[in-house]
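Chemist: I am sharing final.cif, which consists of mmCIF, C-alpha atoms:
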data_protein
#
loop_
_atom_site.label_atom_id
_atom_site.label_comp_id
_atom_site.auth_asym_id
_atom_site.auth_seq_id
_atom_site.Cartn_x
_atom_site.Cartn_y
_atom_site.Cartn_z
CA MET A 591 97.46 81.74 87.42
CA ASN A 592 95.53 78.58 88.14
CA LYS A 593 97.07 77.01 91.26
CA GLY A 594 94.45 78.56 93.50
CA SER A 595 96.66 79.65 96.39
CA ARG A 596 95.72 83.28 95.62
CA ILE A 597 99.30 84.35 96.42
CA VAL A 598 101.51 86.23 93.96
CA LEU A 599 105.13 86.39 95.04
CA ALA A 600 106.71 89.80 94.47
CA LEU A 601 110.32 88.73 93.97
CA ASP A 602 111.97 92.13 94.37
CA GLU A 603 115.43 90.64 94.83
CA THR A 604 118.71 91.71 93.22
CA ASP A 605 120.63 88.54 94.08
CA LYS A 606 120.00 86.15 91.19
CA LYS A 607 121.04 83.05 93.14
CA LYS A 608 118.76 83.90 96.05
CA ALA A 609 115.88 84.76 93.73
CA LEU A 610 116.08 81.40 92.00
CA HIS A 611 116.35 79.61 95.35
CA VAL A 612 113.19 81.29 96.62
CA ALA A 613 111.42 80.50 93.35
CA ASP A 614 112.42 76.85 93.70
CA GLU A 615 111.09 76.83 97.26
CA VAL A 616 107.65 78.28 96.54
CA GLY A 617 107.11 78.15 92.78
CA ASP A 618 104.71 75.23 93.06
CA LEU A 619 102.67 77.02 95.74
CA VAL A 620 102.17 80.54 94.41
CA ASP A 621 99.85 81.44 91.54
CA ALA A 622 102.54 83.59 89.92
CA ILE A 623 105.89 85.24 90.49
CA LYS A 624 105.93 88.99 89.94
CA ILE A 625 109.28 90.50 89.02
CA ASN A 626 110.26 94.13 88.79
CA TRP A 627 113.17 96.09 87.32
CA PRO A 628 115.64 95.42 90.19
CA LEU A 629 115.84 91.70 89.40
CA VAL A 630 115.84 92.17 85.62
CA LEU A 631 118.57 94.82 85.82
CA SER A 632 120.74 92.72 88.13
CA GLY A 633 120.07 89.25 86.71
CA GLY A 634 119.34 90.11 83.10
CA PRO A 635 116.15 89.71 81.03
CA ASP A 636 116.69 85.95 80.86
CA MET A 637 115.44 85.88 84.45
CA ILE A 638 111.96 86.09 82.94
CA THR A 639 112.55 82.82 81.10
CA GLU A 640 114.32 81.14 84.03
CA LEU A 641 111.53 81.93 86.45
CA SER A 642 108.78 81.03 83.98
CA ARG A 643 110.01 77.43 84.23
CA ARG A 644 109.08 77.51 87.90
CA SER A 645 105.82 79.48 87.90
CA PRO A 646 103.88 81.91 85.68
CA VAL A 647 105.73 85.24 85.58
CA ILE A 648 104.14 88.67 85.73
CA CYS A 649 106.48 91.43 84.62
CA ASP A 650 105.75 94.35 86.91
CA PHE A 651 107.37 96.93 84.64
CA LYS A 652 104.58 99.47 85.24
CA VAL A 653 104.94 100.38 81.61
CA ALA A 654 104.14 104.05 80.96
CA ASP A 655 105.07 105.38 77.54
CA ILE A 656 103.85 106.12 74.03
CA PRO A 657 102.11 103.19 72.25
CA ASN A 658 105.11 102.17 70.15
CA THR A 659 107.43 101.97 73.14
CA VAL A 660 104.78 100.08 75.13
CA ARG A 661 104.52 97.64 72.25
CA LEU A 662 108.28 97.07 72.16
CA ILE A 663 108.48 96.46 75.92
CA ALA A 664 105.49 94.12 75.86
CA GLU A 665 106.91 92.15 72.92
CA GLN A 666 110.20 91.63 74.76
CA ALA A 667 108.53 90.57 78.00
CA PHE A 668 106.11 88.11 76.41
CA SER A 669 108.69 86.68 74.01
CA ARG A 670 110.82 85.72 77.01
CA GLY A 671 108.01 83.74 78.61
CA ALA A 672 106.06 86.25 80.68
CA SER A 673 102.45 85.33 81.33
CA GLY A 674 101.47 88.84 82.38
CA LEU A 675 102.50 92.49 82.27
CA ILE A 676 101.62 95.39 84.58
CA VAL A 677 101.10 98.78 82.98
CA HIS A 678 100.16 102.28 84.07
CA ALA A 679 96.98 103.86 82.72
CA PHE A 680 97.86 107.54 82.96
CA THR A 681 99.51 107.49 79.53
CA GLY A 682 96.09 106.91 77.98
CA SER A 683 93.94 104.30 76.33
CA ASP A 684 96.03 104.07 73.14
CA SER A 685 99.10 103.00 75.12
CA LEU A 686 97.09 100.47 77.11
CA LYS A 687 95.53 99.11 73.95
CA SER A 688 99.01 98.59 72.48
CA ALA A 689 100.01 96.33 75.39
CA ILE A 690 96.80 94.34 75.20
CA GLU A 691 97.17 93.78 71.47
CA VAL A 692 100.70 92.41 71.94
CA ALA A 693 99.58 90.21 74.84
CA GLY A 694 97.40 88.16 72.51
CA GLY A 695 95.28 86.73 75.28
CA ARG A 696 97.93 86.78 77.97
CA ASP A 697 97.36 88.96 81.01
CA VAL A 698 97.68 92.72 81.16
CA PHE A 699 97.03 94.34 84.54
CA VAL A 700 96.36 98.05 84.95
CA VAL A 701 97.54 100.01 87.98
CA THR A 702 94.56 101.87 89.43
CA GLU A 703 96.11 103.12 92.64
CA MET A 704 99.57 102.70 94.17
CA SER A 705 99.81 101.11 97.63
CA HIS A 706 102.34 103.47 99.25
CA PRO A 707 101.28 106.73 100.98
CA GLY A 708 102.21 108.79 97.93
CA GLY A 709 99.65 106.80 95.96
CA ARG A 710 96.99 109.04 97.46
CA GLU A 711 98.44 112.10 95.75
CA PHE A 712 98.03 111.36 92.04
CA THR A 713 96.82 107.82 91.33
CA ALA A 714 93.97 107.68 93.86
CA PRO A 715 92.00 110.65 92.47
CA LEU A 716 91.90 108.99 89.04
CA ALA A 717 91.67 105.36 90.12
CA GLU A 718 88.05 104.93 89.08
CA GLU A 719 88.80 106.30 85.61
CA PHE A 720 91.79 103.99 85.27
CA ALA A 721 89.60 101.04 86.31
CA ALA A 722 86.99 101.96 83.71
CA MET A 723 89.72 102.18 81.07
CA ALA A 724 90.88 98.67 82.00
CA VAL A 725 87.36 97.39 81.38
CA ASN A 726 86.87 99.30 78.14
CA GLU A 727 90.16 98.19 76.61
CA GLY A 728 89.88 94.53 77.61
CA ALA A 729 92.54 94.20 80.29
CA SER A 730 92.67 91.04 82.40
CA GLY A 731 92.55 92.91 85.68
CA VAL A 732 93.85 95.71 87.83
CA ILE A 733 96.18 96.48 90.70
CA ALA A 734 94.45 97.94 93.79
CA PRO A 735 96.03 98.55 97.22
CA ALA A 736 95.66 96.18 100.16
CA THR A 737 96.83 99.10 102.30
CA ARG A 738 93.50 100.82 101.59
CA PRO A 739 90.93 98.00 101.31
CA ASP A 740 88.02 100.43 100.92
CA ARG A 741 89.59 101.38 97.60
CA ILE A 742 89.55 97.73 96.53
CA ALA A 743 85.81 97.68 97.16
CA ALA A 744 85.31 100.87 95.13
CA ILE A 745 87.32 99.49 92.20
CA ARG A 746 85.44 96.17 92.32
CA LYS A 747 82.15 97.99 91.69
CA ILE A 748 83.58 99.37 88.46
CA ILE A 749 85.41 96.39 87.00
CA GLY A 750 82.92 93.60 87.60
CA ASP A 751 84.59 90.21 87.36
CA LEU A 752 88.04 91.35 86.21
CA LEU A 753 90.87 90.21 88.48
CA ILE A 754 92.14 92.38 91.31
CA LEU A 755 95.73 91.85 92.45
CA SER A 756 96.47 93.66 95.72
CA PRO A 757 99.95 94.68 96.89
CA GLY A 758 100.90 96.14 100.25
CA VAL A 759 100.46 93.15 102.57
CA GLY A 760 103.17 92.51 105.14
CA ALA A 761 105.94 95.11 105.08
CA GLN A 762 103.56 97.90 104.04
CA GLY A 763 100.99 96.96 106.68
CA GLY A 764 98.10 95.76 104.55
CA SER A 765 95.76 93.04 105.85
CA ILE A 766 95.12 89.88 103.88
CA SER A 767 91.67 89.33 105.35
CA SER A 768 90.56 92.93 104.72
CA ALA A 769 91.80 92.83 101.13
CA ILE A 770 90.01 89.55 100.43
CA ARG A 771 86.77 90.69 102.09
CA ASN A 772 86.76 93.83 99.97
CA GLY A 773 87.16 92.02 96.69
CA ALA A 774 90.81 91.13 96.03
CA ASP A 775 91.33 87.95 93.98
CA ARG A 776 95.08 87.63 94.55
CA ILE A 777 97.34 88.99 97.28
CA ILE A 778 100.82 90.19 96.29
CA VAL A 779 103.42 89.43 98.97
CA GLY A 780 107.14 90.13 98.71
CA ARG A 781 109.53 90.71 101.59
CA SER A 782 107.57 88.58 104.06
CA ILE A 783 108.33 85.59 101.84
CA TYR A 784 111.68 86.18 100.17
CA ASN A 785 113.38 87.52 103.31
CA ALA A 786 112.09 84.67 105.48
CA GLU A 787 114.39 81.93 106.77
CA ASN A 788 111.87 79.42 105.47
CA PRO A 789 110.01 80.94 102.48
CA ARG A 790 107.93 77.81 101.91
CA GLU A 791 106.69 77.70 105.49
CA VAL A 792 105.69 81.36 105.37
CA THR A 793 103.92 80.89 102.04
CA GLU A 794 101.97 77.91 103.36
CA SER A 795 100.95 79.98 106.37
CA LEU A 796 99.74 82.81 104.14
CA ILE A 797 97.73 80.39 102.01
CA LYS A 798 95.96 79.12 105.14
CA GLU A 799 95.25 82.70 106.21
CA ILE A 800 93.68 83.46 102.84
CA ALA A 801 91.60 80.29 102.96
CA SER A 802 90.18 81.32 106.32
CA SER A 803 89.51 84.94 105.34
#
Mind converting the file's structure to structure tokens?

Modeler:
Amino acid sequence: MNKGSRIVLALDETDKKKALHVADEVGDLVDAIKINWPLVLSGGPDMITELSRRSPVICDFKVADIPNTVRLIAEQAFSRGASGLIVHAFTGSDSLKSAIEVAGGRDVFVVTEMSHPGGREFTAPLAEEFAAMAVNEGASGVIAPATRPDRIAAIRKIIGDLLILSPGVGAQGGSISSAIRNGADRIIVGRSIYNAENPREVTESLIKEIASS
């Protein structure tokens, strides 16, 4: 993630052709393309490799399992060209450590708190502990919600200079400027880009907004 636009595209598409078109349109602008299960299940795991030719790929699989299963998932994702993997922390430090060991210097991001309203119920009360675990186990960074920028600030105090990727901008109502001011390093944007008539134009506009935040 070295382009410097500070945008991560959440490509939550199920149409393979459209997904690749959007990636072609903005792959040179965004710092990474984040893909989730909908695109992998519809387009196949080779989508990781296809998209990695256009931009660094973060597999947002929110991995949450025993260490051996985490290891197997991480091995498959990284072997197909992923540059990063998103994991849950509630399964414990041994599972997180398994992903980081497989990554071998590539990025592992830990979910501290989910961005949707339900995120307040179970992830928010433990977010600080999850953030501390990310630091202790050597993760690259964390996921913290742009929908609740005060939580970004709280997480930043715990993790120091680890990266914060913040989802929830656009369709979920989060503010780019508030997220950046409170400590986010990258903004995750999905529907606002991939559902736009001109994805490149929208991405360029978002980059300018970040630069002025």

Chemist: Residues at most 8 Å from A:Val620, counting only C-alpha atoms, excluding those fewer than 5 positions away in the same chain, as an NGL selection string?

Modeler: :A and (593 or 595-599 or 645 or 793)

Chemist: At a cut-off of 8 Å, using only C-alpha atoms, what residues contact stretch 747-764 of chain A? Leave out same-chain residues fewer than 5 positions from it and give the result as a ChimeraX atom specification.

Modeler: /A:705-706,718,721-722,724-725,729-738,742,769,773-782

Chemist: Let me make sure I understand: among A:Asp655, A:Glu794, A:Glu719, A:Asp636, which one has the smallest atom-to-atom distance to A:Thr702 if we use all atoms listed in the file?

Modeler: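 Among the listed residues, the smallest separation from A:Thr702 belongs to A:Glu719.
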
Chemist: Could you list, as a PDB file with C-alpha atoms, keeping the file's coordinate frame, every residue matched by the PyMOL selection byres ((chain A and resi 684) around 10) in this structure?

Modeler:
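Saved file result_36.pdb follows:
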ATOM      1  CA  ILE A 656     103.850 106.120  74.030  1.00  0.00           C
ATOM      2  CA  PRO A 657     102.110 103.190  72.250  1.00  0.00           C
ATOM      3  CA  ASN A 658     105.110 102.170  70.150  1.00  0.00           C
ATOM      4  CA  VAL A 660     104.780 100.080  75.130  1.00  0.00           C
ATOM      5  CA  ALA A 679      96.980 103.860  82.720  1.00  0.00           C
ATOM      6  CA  THR A 681      99.510 107.490  79.530  1.00  0.00           C
ATOM      7  CA  GLY A 682      96.090 106.910  77.980  1.00  0.00           C
ATOM      8  CA  SER A 683      93.940 104.300  76.330  1.00  0.00           C
ATOM      9  CA  SER A 685      99.100 103.000  75.120  1.00  0.00           C
ATOM     10  CA  LEU A 686      97.090 100.470  77.110  1.00  0.00           C
ATOM     11  CA  LYS A 687      95.530  99.110  73.950  1.00  0.00           C
ATOM     12  CA  SER A 688      99.010  98.590  72.480  1.00  0.00           C
ATOM     13  CA  ALA A 689     100.010  96.330  75.390  1.00  0.00           C
ATOM     14  CA  ILE A 690      96.800  94.340  75.200  1.00  0.00           C
ATOM     15  CA  GLU A 727      90.160  98.190  76.610  1.00  0.00           C
TER      16      GLU A 727
END

Chemist: Take atom CA of A:Val612 and atom CA of A:Ile648 and report the distance between them in Å, one decimal.

Modeler: 16.0 Å

Chemist: Work out how far atom CA of A:Ser765 is from atom CA of A:Val647, in Å to one decimal.

Modeler: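 Interatomic distance, atom CA of A:Val647 to atom CA of A:Ser765: 23.9 Å.
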
Chemist: Taking all atoms listed in the file into account, name the residue in A:Gly728, A:Pro789, A:Gly695, A:Gly633 that is nearest to A:Phe668.

Modeler: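 Checking each of A:Gly728, A:Pro789, A:Gly695, A:Gly633 against A:Phe668, counting all atoms listed in the file, the winner is A:Gly695.
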
Chemist: If I take atom CA of A:Asn626 and atom CA of A:Asn785, how far is one from the other in Å, to one decimal?

Modeler: 16.3 Å

Chemist: Put the listed atoms of stretch 596-615 of chain A in a box along x, y and z with 3 Å added on every side and give me the centre and edge lengths in Å to one decimal, as AutoDock Vina command-line options.

Modeler:
--center_x 108.4 --center_y 84.5 --center_z 94.2 --size_x 31.3 --size_y 21.3 --size_z 12.1

Chemist: Around (120.7, 97.9, 89.7), as given in the file, which residues come within 12 Å? Count all atoms listed in the file and list them as a list in words.

Modeler: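 Residues with an atom close enough to that point: Asp602, Glu603, Thr604, Asp605, Lys606, Asn626, Trp627, Pro628, Leu629, Val630, Leu631, Ser632, Gly633 and Gly634 of chain A.
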
Chemist: Could you tell me which residues the PyMOL selection byres ((chain A and resi 800) around 8) returns for this structure, as a compact mmCIF listing (two decimals) with C-alpha atoms, keeping the file's coordinate frame?

Modeler:
# COMPACT_ATOMS: atom_id res chain seq x y z
CA ARG A 596 95.72 83.28 95.62
CA ILE A 766 95.12 89.88 103.88
CA SER A 767 91.67 89.33 105.35
CA ILE A 770 90.01 89.55 100.43
CA LEU A 796 99.74 82.81 104.14
CA ILE A 797 97.73 80.39 102.01
CA LYS A 798 95.96 79.12 105.14
CA GLU A 799 95.25 82.70 106.21
CA ALA A 801 91.60 80.29 102.96
CA SER A 802 90.18 81.32 106.32
CA SER A 803 89.51 84.94 105.34

Chemist: Residues at most 8 Å from A:Arg670, counting all atoms listed in the file, excluding those fewer than 4 positions away in the same chain, as a list in words?

Modeler: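 The residues satisfying every condition are Pro635, Asp636, Ile638, Thr639 and Gln666 of chain A.
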
Chemist: For stretch 640-669 of chain A, supply N, CA and C atoms and report the output as a tab-separated table (two decimals), in the frame of the given file.

Modeler:
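Full text of out_14.tsv as output:
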chain	number	residue	atom	x	y	z
A	640	GLU	N	113.93	82.07	82.95
A	640	GLU	CA	114.32	81.14	84.03
A	640	GLU	C	113.19	80.93	85.01
A	641	LEU	N	112.58	82.02	85.45
A	641	LEU	CA	111.53	81.93	86.45
A	641	LEU	C	110.25	81.34	85.88
A	642	SER	N	110.00	81.56	84.60
A	642	SER	CA	108.78	81.03	83.98
A	642	SER	C	108.77	79.51	83.95
A	643	ARG	N	109.94	78.89	84.14
A	643	ARG	CA	110.01	77.43	84.23
A	643	ARG	C	109.55	76.94	85.59
A	644	ARG	N	109.45	77.86	86.54
A	644	ARG	CA	109.08	77.51	87.90
A	644	ARG	C	107.65	77.90	88.25
A	645	SER	N	107.17	78.98	87.63
A	645	SER	CA	105.82	79.48	87.90
A	645	SER	C	105.49	80.53	86.84
A	646	PRO	N	104.22	80.81	86.59
A	646	PRO	CA	103.88	81.91	85.68
A	646	PRO	C	104.51	83.21	86.16
A	647	VAL	N	105.03	83.99	85.24
A	647	VAL	CA	105.73	85.24	85.58
A	647	VAL	C	104.92	86.45	85.12
A	648	ILE	N	104.73	87.38	86.05
A	648	ILE	CA	104.14	88.67	85.73
A	648	ILE	C	105.25	89.71	85.77
A	649	CYS	N	105.46	90.39	84.67
A	649	CYS	CA	106.48	91.43	84.62
A	649	CYS	C	105.87	92.75	85.11
A	650	ASP	N	106.27	93.13	86.30
A	650	ASP	CA	105.75	94.35	86.91
A	650	ASP	C	106.63	95.53	86.48
A	651	PHE	N	106.55	95.84	85.19
A	651	PHE	CA	107.37	96.93	84.64
A	651	PHE	C	106.65	98.27	84.70
A	652	LYS	N	105.39	98.24	85.15
A	652	LYS	CA	104.58	99.47	85.24
A	652	LYS	C	104.83	100.35	84.02
A	653	VAL	N	104.61	99.74	82.87
A	653	VAL	CA	104.94	100.38	81.61
A	653	VAL	C	104.12	101.66	81.43
A	654	ALA	N	104.80	102.75	81.11
A	654	ALA	CA	104.14	104.05	80.96
A	654	ALA	C	104.87	104.84	79.88
A	655	ASP	N	104.38	104.71	78.65
A	655	ASP	CA	105.07	105.38	77.54
A	655	ASP	C	104.12	105.50	76.35
A	656	ILE	N	104.65	106.01	75.24
A	656	ILE	CA	103.85	106.12	74.03
A	656	ILE	C	103.56	104.71	73.50
A	657	PRO	N	102.50	104.53	72.69
A	657	PRO	CA	102.11	103.19	72.25
A	657	PRO	C	103.23	102.36	71.63
A	658	ASN	N	104.07	102.96	70.80
A	658	ASN	CA	105.11	102.17	70.15
A	658	ASN	C	106.11	101.62	71.16
A	659	THR	N	106.49	102.44	72.13
A	659	THR	CA	107.43	101.97	73.14
A	659	THR	C	106.78	100.91	74.03
A	660	VAL	N	105.52	101.10	74.36
A	660	VAL	CA	104.78	100.08	75.13
A	660	VAL	C	104.78	98.77	74.37
A	661	ARG	N	104.52	98.85	73.07
A	661	ARG	CA	104.52	97.64	72.25
A	661	ARG	C	105.86	96.92	72.29
A	662	LEU	N	106.94	97.67	72.16
A	662	LEU	CA	108.28	97.07	72.16
A	662	LEU	C	108.59	96.39	73.49
A	663	ILE	N	108.24	97.05	74.60
A	663	ILE	CA	108.48	96.46	75.92
A	663	ILE	C	107.64	95.19	76.09
A	664	ALA	N	106.37	95.28	75.72
A	664	ALA	CA	105.49	94.12	75.86
A	664	ALA	C	105.98	92.95	75.01
A	665	GLU	N	106.41	93.22	73.79
A	665	GLU	CA	106.91	92.15	72.92
A	665	GLU	C	108.11	91.45	73.56
A	666	GLN	N	109.02	92.23	74.14
A	666	GLN	CA	110.20	91.63	74.76
A	666	GLN	C	109.83	90.80	75.98
A	667	ALA	N	108.93	91.30	76.79
A	667	ALA	CA	108.53	90.57	78.00
A	667	ALA	C	107.84	89.26	77.64
A	668	PHE	N	106.87	89.32	76.75
A	668	PHE	CA	106.11	88.11	76.41
A	668	PHE	C	106.95	87.11	75.62
A	669	SER	N	107.86	87.60	74.79
A	669	SER	CA	108.69	86.68	74.01
A	669	SER	C	109.65	85.89	74.89
